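Structure file input19.cif (mmCIF, C-alpha atoms) follows.
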data_work
#
loop_
_atom_site.label_atom_id
_atom_site.label_comp_id
_atom_site.auth_asym_id
_atom_site.auth_seq_id
_atom_site.Cartn_x
_atom_site.Cartn_y
_atom_site.Cartn_z
CA MET T 1 -13.72 21.15 10.26
CA GLU T 2 -15.19 18.82 7.65
CA MET T 3 -12.81 16.08 6.45
CA GLU T 4 -12.55 14.74 2.89
CA THR T 5 -13.05 11.09 1.96
CA GLY T 6 -9.90 9.00 2.32
CA LYS T 7 -6.96 8.97 4.71
CA VAL T 8 -7.11 11.60 7.43
CA PRO T 9 -4.53 14.34 6.62
CA GLU T 10 -1.25 14.35 8.52
CA ASN T 11 -1.90 17.64 10.33
CA ILE T 12 -5.23 16.35 11.68
CA LEU T 13 -3.66 13.03 12.64
CA LYS T 14 -0.98 14.83 14.63
CA ARG T 15 -3.31 17.11 16.59
CA SER T 16 -6.40 14.90 16.97
CA VAL T 17 -5.02 11.35 17.08
CA PHE T 18 -1.34 11.10 17.98
CA LYS T 19 -1.57 13.72 20.74
CA LYS T 20 -4.02 11.37 22.49
CA LEU T 21 -1.56 8.43 22.46
CA THR T 22 0.06 9.10 25.82
CA VAL T 23 0.95 5.58 27.02
CA LYS T 24 4.27 4.15 25.78
CA ARG T 25 4.82 0.59 27.00
CA PRO T 26 8.41 -0.74 27.26
CA GLU T 27 7.39 -3.94 25.44
CA VAL T 28 6.53 -1.88 22.34
CA LEU T 29 9.58 -1.51 20.11
CA VAL T 30 7.91 0.38 17.26
CA HIS T 31 5.13 2.77 18.33
CA SER T 32 2.34 4.34 16.26
CA GLY T 33 3.66 7.01 13.92
CA ILE T 34 3.13 8.78 10.60
CA GLY T 35 3.82 6.32 7.79
CA GLU T 36 4.60 3.32 9.97
CA ASP T 37 2.80 0.22 8.69
CA CYS T 38 3.12 -1.90 11.84
CA SER T 39 3.59 -1.84 15.58
CA VAL T 40 6.14 -4.25 17.06
CA LEU T 41 5.93 -5.99 20.46
CA SER T 42 8.89 -7.68 22.12
CA THR T 43 8.48 -11.28 23.30
CA GLY T 44 12.12 -12.08 24.04
CA ASP T 45 14.33 -13.04 21.09
CA ASP T 46 11.35 -12.76 18.71
CA VAL T 47 8.85 -9.96 18.20
CA ILE T 48 5.15 -9.86 17.37
CA VAL T 49 4.27 -7.55 14.47
CA LEU T 50 0.73 -6.15 14.23
CA SER T 51 -1.10 -4.21 11.53
CA THR T 52 -4.73 -3.37 10.80
CA ASP T 53 -6.56 -1.92 7.78
CA PRO T 54 -10.12 -1.63 6.41
CA ILE T 55 -11.16 -1.85 2.77
CA THR T 56 -13.65 0.91 2.01
CA GLY T 57 -13.05 2.13 -1.56
CA THR T 58 -14.67 -0.78 -3.42
CA THR T 59 -16.86 -3.85 -2.98
CA LYS T 60 -15.17 -5.80 -5.80
CA ASP T 61 -12.81 -8.56 -4.55
CA ILE T 62 -13.01 -6.96 -1.09
CA GLY T 63 -11.87 -10.12 0.72
CA LYS T 64 -8.81 -10.49 -1.51
CA LEU T 65 -7.89 -6.82 -1.17
CA ALA T 66 -8.20 -6.95 2.62
CA PHE T 67 -5.89 -9.95 2.83
CA HIS T 68 -3.27 -8.46 0.50
CA VAL T 69 -3.20 -5.08 2.26
CA THR T 70 -2.71 -6.72 5.66
CA ALA T 71 -0.20 -9.31 4.42
CA ASN T 72 1.75 -6.58 2.64
CA ASP T 73 1.97 -4.46 5.78
CA ILE T 74 3.39 -7.39 7.74
CA ALA T 75 5.79 -8.21 4.89
CA SER T 76 6.99 -4.60 4.80
CA ALA T 77 8.26 -5.10 8.37
CA GLY T 78 10.27 -8.14 7.24
CA ALA T 79 7.96 -10.41 9.26
CA GLU T 80 6.05 -13.62 8.55
CA LEU T 81 2.26 -13.40 8.71
CA ILE T 82 0.93 -16.17 10.97
CA GLY T 83 -2.67 -15.16 11.65
CA ILE T 84 -5.45 -12.69 10.91
CA LEU T 85 -8.47 -11.31 12.76
CA LEU T 86 -11.36 -10.47 10.47
CA THR T 87 -14.31 -8.09 10.91
CA ILE T 88 -17.04 -8.06 8.24
CA LEU T 89 -19.83 -5.47 8.32
CA LEU T 90 -22.63 -5.88 5.77
CA PRO T 91 -25.50 -3.46 5.06
CA PRO T 92 -29.14 -4.48 5.57
CA GLY T 93 -30.45 -6.48 2.62
CA SER T 94 -27.16 -8.30 2.03
CA GLY T 95 -27.43 -11.94 0.99
CA GLU T 96 -25.61 -14.88 2.48
CA ASP T 97 -23.92 -15.42 -0.89
CA GLU T 98 -22.06 -12.12 -0.44
CA LEU T 99 -20.68 -13.27 2.93
CA LYS T 100 -19.73 -16.65 1.46
CA GLU T 101 -17.86 -14.97 -1.41
CA ILE T 102 -15.84 -12.76 0.95
CA MET T 103 -14.93 -15.73 3.17
CA LYS T 104 -14.06 -17.89 0.16
CA ASP T 105 -11.59 -15.28 -1.11
CA VAL T 106 -10.01 -14.73 2.32
CA SER T 107 -9.77 -18.45 3.15
CA GLU T 108 -8.21 -19.35 -0.21
CA LEU T 109 -5.44 -16.78 0.27
CA ALA T 110 -5.00 -17.78 3.92
CA GLN T 111 -4.56 -21.40 2.85
CA ALA T 112 -2.13 -20.46 0.07
CA HIS T 113 0.07 -18.56 2.56
CA GLN T 114 -0.51 -20.92 5.53
CA VAL T 115 -2.10 -18.17 7.62
CA GLU T 116 -4.63 -19.03 10.34
CA ILE T 117 -7.88 -17.07 10.64
CA LEU T 118 -7.77 -16.50 14.41
CA GLY T 119 -11.23 -15.02 14.85
CA GLY T 120 -13.20 -11.83 14.29
CA HIS T 121 -16.72 -10.52 14.03
CA THR T 122 -19.47 -10.65 11.39
CA GLU T 123 -22.51 -8.36 11.48
CA VAL T 124 -25.30 -6.89 9.37
CA SER T 125 -25.50 -3.23 10.35
CA ALA T 126 -27.43 -0.15 9.27
CA ALA T 127 -24.27 1.82 10.07
CA VAL T 128 -22.78 0.86 6.67
CA ASN T 129 -24.18 1.24 3.15
CA GLN T 130 -21.79 -1.21 1.50
CA ALA T 131 -19.69 -4.17 2.64
CA LEU T 132 -16.76 -3.22 4.85
CA VAL T 133 -13.95 -5.63 5.70
CA SER T 134 -11.38 -4.77 8.36
CA MET T 135 -8.46 -7.11 8.97
CA THR T 136 -5.74 -7.26 11.61
CA GLY T 137 -2.57 -9.18 10.83
CA VAL T 138 -0.34 -10.89 13.39
CA GLY T 139 3.20 -11.65 12.32
CA ARG T 140 6.48 -12.69 13.85
CA ALA T 141 10.13 -11.91 13.22
CA ALA T 142 13.50 -12.06 14.91
CA LYS T 143 14.07 -8.90 16.95
CA ASP T 144 17.12 -7.87 14.93
CA ALA T 145 15.36 -8.51 11.60
CA VAL T 146 12.51 -5.98 11.86
CA ILE T 147 12.46 -3.32 9.13
CA THR T 148 10.50 -0.08 9.56
CA THR T 149 9.25 2.69 7.29
CA GLY T 150 11.43 5.10 9.28
CA GLY T 151 14.79 3.44 8.64
CA LEU T 152 15.80 5.49 5.58
CA LYS T 153 19.11 7.38 5.88
CA PRO T 154 20.49 10.28 3.80
CA GLY T 155 22.39 9.04 0.76
CA GLN T 156 20.47 5.79 0.52
CA GLU T 157 18.68 4.97 -2.72
CA LEU T 158 14.96 4.45 -3.25
CA VAL T 159 13.67 1.43 -5.17
CA VAL T 160 10.06 0.83 -6.31
CA THR T 161 9.02 -2.74 -7.12
CA LYS T 162 6.65 -3.82 -9.90
CA TRP T 163 4.58 -0.83 -11.06
CA ILE T 164 2.56 1.85 -9.29
CA GLY T 165 -1.22 1.99 -9.62
CA LEU T 166 -1.86 -1.72 -10.11
CA GLU T 167 -4.54 -1.91 -7.42
CA GLY T 168 -6.31 1.30 -8.38
CA THR T 169 -6.28 0.43 -12.07
CA SER T 170 -7.79 -2.99 -11.41
CA ILE T 171 -10.49 -1.53 -9.15
CA LEU T 172 -11.42 1.15 -11.68
CA VAL T 173 -11.70 -1.35 -14.52
CA LYS T 174 -13.99 -3.59 -12.46
CA GLU T 175 -16.12 -0.76 -11.03
CA LYS T 176 -16.33 1.37 -14.20
CA GLU T 177 -16.16 -1.28 -16.91
CA GLU T 178 -18.93 0.09 -19.14
CA GLU T 179 -17.59 3.64 -19.13
CA LEU T 180 -14.02 2.56 -19.83
CA ALA T 181 -15.15 0.23 -22.62
CA ARG T 182 -16.36 3.32 -24.55
CA HIS T 183 -12.82 4.74 -24.55
CA LEU T 184 -10.31 1.90 -24.39
CA PRO T 185 -9.77 -1.41 -26.26
CA ALA T 186 -10.98 -4.65 -24.69
CA ASP T 187 -7.53 -6.27 -24.60
CA LEU T 188 -6.09 -3.33 -22.62
CA LEU T 189 -8.96 -3.52 -20.11
CA GLU T 190 -8.51 -7.27 -19.73
CA ARG T 191 -4.80 -6.84 -18.92
CA ALA T 192 -5.65 -4.08 -16.44
CA ARG T 193 -8.36 -6.21 -14.81
CA ASN T 194 -5.78 -8.92 -14.17
CA PHE T 195 -3.53 -6.52 -12.25
CA SER T 196 -5.45 -7.78 -9.20
CA ASP T 197 -3.35 -10.97 -9.44
CA CYS T 198 -0.17 -8.95 -8.78
CA LEU T 199 -1.00 -7.23 -5.47
CA SER T 200 1.17 -9.25 -3.07
CA VAL T 201 4.56 -7.82 -2.08
CA ILE T 202 5.49 -10.84 0.03
CA PRO T 203 7.94 -12.11 -2.65
CA ASP T 204 9.36 -8.57 -3.03
CA SER T 205 9.98 -8.28 0.71
CA ARG T 206 11.68 -11.68 0.95
CA VAL T 207 14.17 -10.76 -1.77
CA ALA T 208 14.73 -7.34 -0.19
CA VAL T 209 15.37 -8.76 3.29
CA ARG T 210 17.91 -11.24 1.90
CA ALA T 211 19.64 -8.47 -0.06
CA GLY T 212 19.76 -6.15 2.97
CA VAL T 213 17.62 -3.00 3.15
CA SER T 214 17.04 -0.18 5.63
CA ALA T 215 13.37 0.71 5.13
CA MET T 216 10.29 -0.76 3.43
CA HIS T 217 6.79 0.62 2.91
CA ASP T 218 3.99 -0.89 0.82
CA VAL T 219 2.45 1.68 -1.51
CA THR T 220 -1.26 1.90 -0.70
CA GLU T 221 -3.75 4.77 -0.33
CA GLY T 222 -2.30 8.05 -1.58
CA GLY T 223 -0.17 6.28 -4.18
CA ILE T 224 3.58 6.57 -4.63
CA PHE T 225 3.57 10.30 -3.77
CA GLY T 226 1.91 9.47 -0.45
CA ALA T 227 4.31 6.60 0.24
CA LEU T 228 7.36 8.75 -0.53
CA TRP T 229 6.14 11.45 1.85
CA GLU T 230 5.34 8.95 4.59
CA MET T 231 8.75 7.25 4.39
CA ALA T 232 10.54 10.61 4.41
CA ALA T 233 8.43 11.89 7.33
CA ALA T 234 8.92 8.69 9.34
CA SER T 235 12.69 8.79 8.69
CA GLY T 236 13.21 12.55 9.11
CA VAL T 237 14.93 12.94 5.74
CA GLY T 238 14.52 14.76 2.43
CA LEU T 239 14.12 13.18 -1.00
CA GLU T 240 15.24 13.69 -4.59
CA VAL T 241 13.06 11.59 -6.92
CA ASP T 242 12.97 11.39 -10.73
CA LEU T 243 9.32 11.15 -11.83
CA LYS T 244 10.27 9.53 -15.14
CA LYS T 245 11.99 6.63 -13.37
CA ILE T 246 8.92 5.64 -11.35
CA PRO T 247 7.62 2.44 -13.02
CA VAL T 248 4.04 2.72 -14.29
CA ARG T 249 2.17 0.56 -16.81
CA GLN T 250 0.70 2.08 -19.95
CA GLU T 251 -2.66 0.55 -19.02
CA THR T 252 -2.65 2.59 -15.81
CA ILE T 253 -1.80 5.79 -17.65
CA GLU T 254 -4.63 5.32 -20.14
CA VAL T 255 -7.24 4.42 -17.50
CA CYS T 256 -6.21 7.48 -15.46
CA GLU T 257 -6.44 9.72 -18.53
CA VAL T 258 -10.07 8.70 -19.07
CA PHE T 259 -10.96 9.93 -15.56
CA ASP T 260 -8.43 12.82 -15.51
CA ILE T 261 -6.71 11.55 -12.36
CA ASN T 262 -3.06 11.37 -11.32
CA PRO T 263 -1.59 7.81 -11.42
CA TYR T 264 1.09 8.84 -8.90
CA MET T 265 -1.65 9.50 -6.30
CA LEU T 266 -3.61 6.30 -6.98
CA ILE T 267 -3.83 3.40 -4.50
CA SER T 268 -0.98 1.04 -5.40
CA SER T 269 -0.88 -2.26 -3.48
CA GLY T 270 1.53 -4.52 -5.37
CA ALA T 271 4.31 -1.93 -5.35
CA MET T 272 6.79 -1.62 -2.50
CA LEU T 273 9.00 1.38 -1.72
CA ILE T 274 12.41 0.32 -0.39
CA GLY T 275 15.37 2.24 1.00
CA THR T 276 18.78 0.65 0.52
CA GLU T 277 22.50 1.41 0.29
CA HIS T 278 22.77 -0.45 -3.02
CA GLY T 279 19.79 0.22 -5.27
CA SER T 280 21.14 -1.27 -8.48
CA ARG T 281 22.19 -4.44 -6.65
CA LEU T 282 18.69 -4.84 -5.21
CA VAL T 283 17.12 -4.27 -8.65
CA GLU T 284 19.31 -7.04 -10.04
CA GLU T 285 18.34 -9.44 -7.22
CA LEU T 286 14.66 -8.69 -7.76
CA LYS T 287 15.07 -9.27 -11.50
CA LYS T 288 16.62 -12.69 -10.83
CA ASN T 289 13.42 -13.54 -8.96
CA GLY T 290 11.15 -12.32 -11.76
CA ILE T 291 10.21 -9.01 -10.08
CA HIS T 292 10.44 -5.77 -12.05
CA SER T 293 11.80 -2.75 -10.15
CA ALA T 294 13.65 0.53 -10.61
CA VAL T 295 15.83 2.98 -8.67
CA VAL T 296 13.78 6.20 -8.59
CA GLY T 297 15.82 8.53 -6.38
CA TYR T 298 17.63 8.93 -3.09
CA ALA T 299 17.30 10.35 0.42
CA THR T 300 18.89 13.67 1.36
CA GLU T 301 19.73 15.65 4.47
CA GLY T 302 17.07 18.08 5.66
CA ASN T 303 13.37 18.13 4.86
CA ASP T 304 13.18 19.15 1.19
CA ARG T 305 11.25 16.49 -0.74
CA ILE T 306 11.81 17.15 -4.43
CA ILE T 307 10.17 15.55 -7.48
CA ARG T 308 12.06 16.12 -10.75
CA ASN T 309 10.38 15.85 -14.16
CA GLY T 310 13.02 16.73 -16.74
CA GLU T 311 14.06 20.31 -16.01
CA GLU T 312 11.06 20.92 -13.75
CA ARG T 313 11.52 20.59 -9.99
CA ARG T 314 8.70 20.81 -7.47
CA PHE T 315 8.19 20.07 -3.81
CA LEU T 316 6.31 16.92 -2.83
CA GLU T 317 3.20 17.73 -0.79
CA PRO T 318 1.70 15.81 2.15
CA PRO T 319 -0.68 13.02 1.06
CA LYS T 320 -4.13 14.05 -0.10
CA ALA T 321 -7.27 11.97 -0.61
CA ASP T 322 -6.60 9.06 -2.96
CA GLU T 323 -7.54 9.67 -6.59
CA LEU T 324 -9.73 6.54 -6.48
CA PHE T 325 -12.27 8.43 -4.36
CA ARG T 326 -12.62 11.13 -7.02
CA VAL T 327 -13.95 8.50 -9.42
CA LEU T 328 -15.97 6.18 -7.15
#

Before we go any further, please render this structure as structure tokens.
Amino acid sequence: MEMETGKVPENILKRSVFKKLTVKRPEVLVHSGIGEDCSVLSTGDDVIVLSTDPITGTTKDIGKLAFHVTANDIASAGAELIGILLTILLPPGSGEDELKEIMKDVSELAQAHQVEILGGHTEVSAAVNQALVSMTGVGRAAKDAVITTGGLKPGQELVVTKWIGLEGTSILVKEKEEELARHLPADLLERARNFSDCLSVIPDSRVAVRAGVSAMHDVTEGGIFGALWEMAAASGVGLEVDLKKIPVRQETIEVCEVFDINPYMLISSGAMLIGTEHGSRLVEELKKNGIHSAVVGYATEGNDRIIRNGEERRFLEPPKADELFRVL
């Protein structure tokens, strides 16, 4: 069976990946699972939180994107990122300047967040045709402070921070600048390009942890529809979500219209999906800290995952390939 570009579908993951994970160590508090961002290891009163991700959809700002994706995963567990392991694979013909640029971007963000680069691997390989950066994050948290994707309970509200599609919009503007310039005004494209400065959810997670939440999941590949499905699947609950309440910037809508893609299925680092007993209270706390957010729906009993758009109601589907891959 040939697989499409992007995340491996859930049904294939279940039968070809998770069925092979037969060892369950007692030190592991959170095991691998659909939608879970991190694994958690017990070390006594504290825990070690681990997450790994590659950046494959773009070569623009690849070092920055790798850091943010990893840092966001650790933040979504309510943990502090303390170190990263970095693997860089470059295709034949790459120049040293390309490697320097990637390391400059990673090291600047590591310094800003006081994160140590613990080690890794750097290689020029004919196995890749563009730069690939894979990063593993190592975080720590108190054992009773860990938050998972699978902590959502029926009746709890769903909050989305910032706006969906920030990452995908920024990537598309940088990768397809000439094409977009024929359709959209320069000032709109400049604002969209700068969305790459808004991809960290570390501040969002800190406010959420202080306010008290049950589940957190950073919105990455597959967009908000993918993140909603993954949180519901990890938690074993249904959903009722109002499409019109999901925050999305006009710049994202217009860029997506040019390429005829769905902004709700576009990679969305910078947005965090949060489950909480008190959605409006969390929105107010986030606002006090300069972070836009909105209550978009709530969790239900059972497995029905419903998206409402006015009078229209439809079932949410399992995540498909990210819309970014349709364009790039």

(request) Using atom CA of His113 of chain T and atom CA of Gly223 of chain T as the two end points, give the distance in Å to one decimal. (result) 25.7 Å

Apply the PyMOL selection byres ((chain T and resi 218-221) around 7) to the displayed file and report the matching residues as an mmCIF file with C-alpha atoms, in the coordinates of the input.
data_model
loop_
_atom_site.group_PDB
_atom_site.id
_atom_site.type_symbol
_atom_site.label_atom_id
_atom_site.label_comp_id
_atom_site.auth_asym_id
_atom_site.auth_seq_id
_atom_site.Cartn_x
_atom_site.Cartn_y
_atom_site.Cartn_z
ATOM 1 C CA ASN T 72 1.750 -6.580 2.640
ATOM 2 C CA ASP T 73 1.970 -4.460 5.780
ATOM 3 C CA SER T 76 6.990 -4.600 4.800
ATOM 4 C CA MET T 216 10.290 -0.760 3.430
ATOM 5 C CA HIS T 217 6.790 0.620 2.910
ATOM 6 C CA GLY T 222 -2.300 8.050 -1.580
ATOM 7 C CA GLY T 223 -0.170 6.280 -4.180
ATOM 8 C CA ILE T 224 3.580 6.570 -4.630
ATOM 9 C CA ALA T 227 4.310 6.600 0.240
ATOM 10 C CA LEU T 266 -3.610 6.300 -6.980
ATOM 11 C CA ILE T 267 -3.830 3.400 -4.500
ATOM 12 C CA SER T 268 -0.980 1.040 -5.400
ATOM 13 C CA SER T 269 -0.880 -2.260 -3.480
ATOM 14 C CA ALA T 271 4.310 -1.930 -5.350
ATOM 15 C CA MET T 272 6.790 -1.620 -2.500
ATOM 16 C CA LEU T 273 9.000 1.380 -1.720
ATOM 17 C CA ASP T 322 -6.600 9.060 -2.960
#

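Atom CA of Leu152 of chain T is found 15.2 Å from atom CA of Leu282 of chain T.
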
(request) Please identify all polymer residues within 10 Å of Cys198 of chain T, counting all atoms listed in the file, omitting same-chain residues fewer than 2 positions from it, and present them as a list in words. (result) His68, Lys162, Trp163, Leu166, Glu167, Asn194, Phe195, Ser196, Ser200, Val201, Ser269, Gly270 and Ala271 of chain T

(request) Identify which of the residues T:Leu50, T:Trp229, T:Ile62, T:Ala294 lies closest to Ser134 of chain T, counting all atoms listed in the file when measuring atom-to-atom distances. (result) T:Ile62

(request) Run the PyMOL selection byres ((chain T and resi 85) around 12) against the file shown and list the residues it catches, as a PyMOL selection string. (result) chain T and resi 50-54+66-67+70-71+81-84+86-88+106+110+115-122+133-139

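With distances restricted to all atoms listed in the file, T:Val159 is the closest residue to Val283 of chain T from T:Val159, T:Ala186, T:Leu243, T:Val28.
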
Give the padded box for segment 291-295 of chain T as AutoDock Vina command-line options: axis-aligned, covering all atoms listed in the file, 8 Å on each side, centre and edge lengths in Å to one decimal.
--center_x 13.0 --center_y -3.0 --center_z -10.4 --size_x 21.6 --size_y 28.0 --size_z 19.4

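Once the PyMOL selection byres ((chain T and resi 7-21) around 9) is applied to the depicted file, the selected set reads Met3, Glu4, Thr5, Gly6, Thr22, Val23, Lys24, Ser32, Gly33, Ile34, Glu221, Gly222, Pro318, Pro319, Lys320, Ala321 and Asp322 of chain T.
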
(request) Grab the atom CA of Asn262 of chain T to atom CA of Glu323 of chain T distance for me, in Å with one decimal place. (result) 6.7 Å

(message) Report as number ranges by chain all protein, DNA and RNA residues lying within 12 Å of Asp61 of chain T, evaluated on all atoms listed in the file, omitting residues in the same chain fewer than 6 positions from it.
(response) T: 55, 67-68, 98-99, 101-106, 131-133, 167, 170-171, 174-175, 193-194, 196-197, 199
